[in-house]
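Below is one structure; the comments refer to it alone.
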Amino acid sequence: MLNGKTALVTGSTSGIGLGIALELAKQGANIILNGFGDHAGPKAEVEALGVKVGYSGADMSKPAEIATMIDYANAEFGGVDILVNNAGIQYVAPIEEFPIEKWDSIIAINLSAAFHATRLVIPGMRAKNWGRVISIASAHGLVGSAQKVAYVAAKHGIVGMTKVVALETATTGITVNAICPGWVLTPLVQKQIDDRSAKEGIPVAQATKELLQEKEPSLQFTTPEQLGGLAVFFCSPAADNVRGVAWANDGGWTAQ
Ligand code: NAD
């Protein structure tokens, strides 16, 4: 279905981003990976699906590096047809103890990076009159949780930006949407479980159960594969007129 298209997935050396990259590649899309840490392993995993795979080590907190990444996509892949704004970090503390540099980096990586990547790919999408911008927001793009001031502000920002860019492209073949996952068991969440286990002096299994019970009525994690499946739907012709939504995939978290 996506043969000949190129998907750039930010923060795709791990977790949700890698899961989405794999599902898009299964549909035939060429993939540009991005993110820190080992990239050879993820690259080989996606290449095994028979598509062309590139990599950019751009630091998503740096606008100039984002621009270099888009230049690379234009030169080596003929542009970005599908942009998945996924790179993100978390930090947990009450507002009066929240380090200023953590606020700045969360806003830069979780929000401003999506602004920069999106503004840089829209012209190419307009030229082809086809494009998909899919931003990974969160249940925290729809509701708040204590101790996550920067993350919740950034994710609400992503949902707002999604609506605006969807309106600006509404008469074109470009659609812009957000996905709002609940808990997904990735390194980002494992750290929160481990911190809870250490702080409360309880086993990791109990901390995991409590984390789910607190927010997620299904008592189940959403998987990267399921989120990849939703991204594939947004790329399909059935979603040609789905514009500006913030689609929860959260086990009922935000239905409460
Ligand atoms: P993860 O920690 O497994 O992966 C994060 C990815 O982002 C990694 O590839 C990392 O290298 C990359 N990254 C981090 N900082 C970067 C930077 N400055 N420049 C480039 N890449 C950078 O996390 P995840 O759980 O897969 O999260 C992915 C996205 O999904 C995030 O936006 C997160 O907020 C969102 N999300 C996660 C959950 C969850 O429960 N895990 C729930 C809702 C939303």
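Naming scheme: A, B, ... for chains in displayed order of the structure tokens; residues 1 onward per chain; ligands 1 onward as shown.
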Exercise. May I ask you to write as a PyMOL selection string all residues lying at most 7 Å from ligand 1, with only C-alpha atoms and all ligand atoms counted?
Key: chain A and resi 10-17+34-37+57-61+86-90+109-110+136-139+180-189
Practice problem: Pick out the residues sitting within 8 Å of region 236-247 of chain A, and hand them over as a count of residues only; count only C-alpha atoms, and ignore anything fewer than 2 positions along from it in its own chain. | Solution: 21
Exercise: Gly124 (chain A) partners within 8 Å, only C-alpha atoms, chain neighbours under 4 positions left out, as a PDB file with N, CA, C and O atoms, in the first residue's frame:
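Output file out.pdb follows:
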```
ATOM      1  N   GLY A  79      12.348  13.239  -0.710  1.00  0.00           N
ATOM      2  CA  GLY A  79      11.399  13.929   0.172  1.00  0.00           C
ATOM      3  C   GLY A  79      10.775  13.022   1.215  1.00  0.00           C
ATOM      4  O   GLY A  79      11.014  11.818   1.234  1.00  0.00           O
ATOM      5  N   VAL A  80       9.970  13.642   2.071  1.00  0.00           N
ATOM      6  CA  VAL A  80       9.275  12.922   3.145  1.00  0.00           C
ATOM      7  C   VAL A  80       7.778  12.913   2.809  1.00  0.00           C
ATOM      8  O   VAL A  80       7.159  13.964   2.714  1.00  0.00           O
ATOM      9  N   LYS A 128       3.516  17.511  -4.020  1.00  0.00           N
ATOM     10  CA  LYS A 128       3.021  16.200  -4.474  1.00  0.00           C
ATOM     11  C   LYS A 128       1.508  16.054  -4.252  1.00  0.00           C
ATOM     12  O   LYS A 128       0.917  15.059  -4.649  1.00  0.00           O
TER      13      LYS A 128
END
```
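Between Ile107 (chain A) and the candidates A:Leu211, A:Val149, A:Ala64, A:Leu219, the tightest atom-to-atom separation, counting only C-alpha atoms, involves A:Val149.
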Practice problem: Work out how far CA of Leu2 (chain A) is from CA of Ile82 (chain A), in Å to one decimal. | Solution: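 That distance, rounded to one decimal, is 9.8 Å.
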Quiz prompt | Coordinates-based distance that separates CA of Asn85 (chain A) from CA of Asp195 (chain A) (Å, one decimal) | solution =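 Distance between the two atoms: 26.9 Å.
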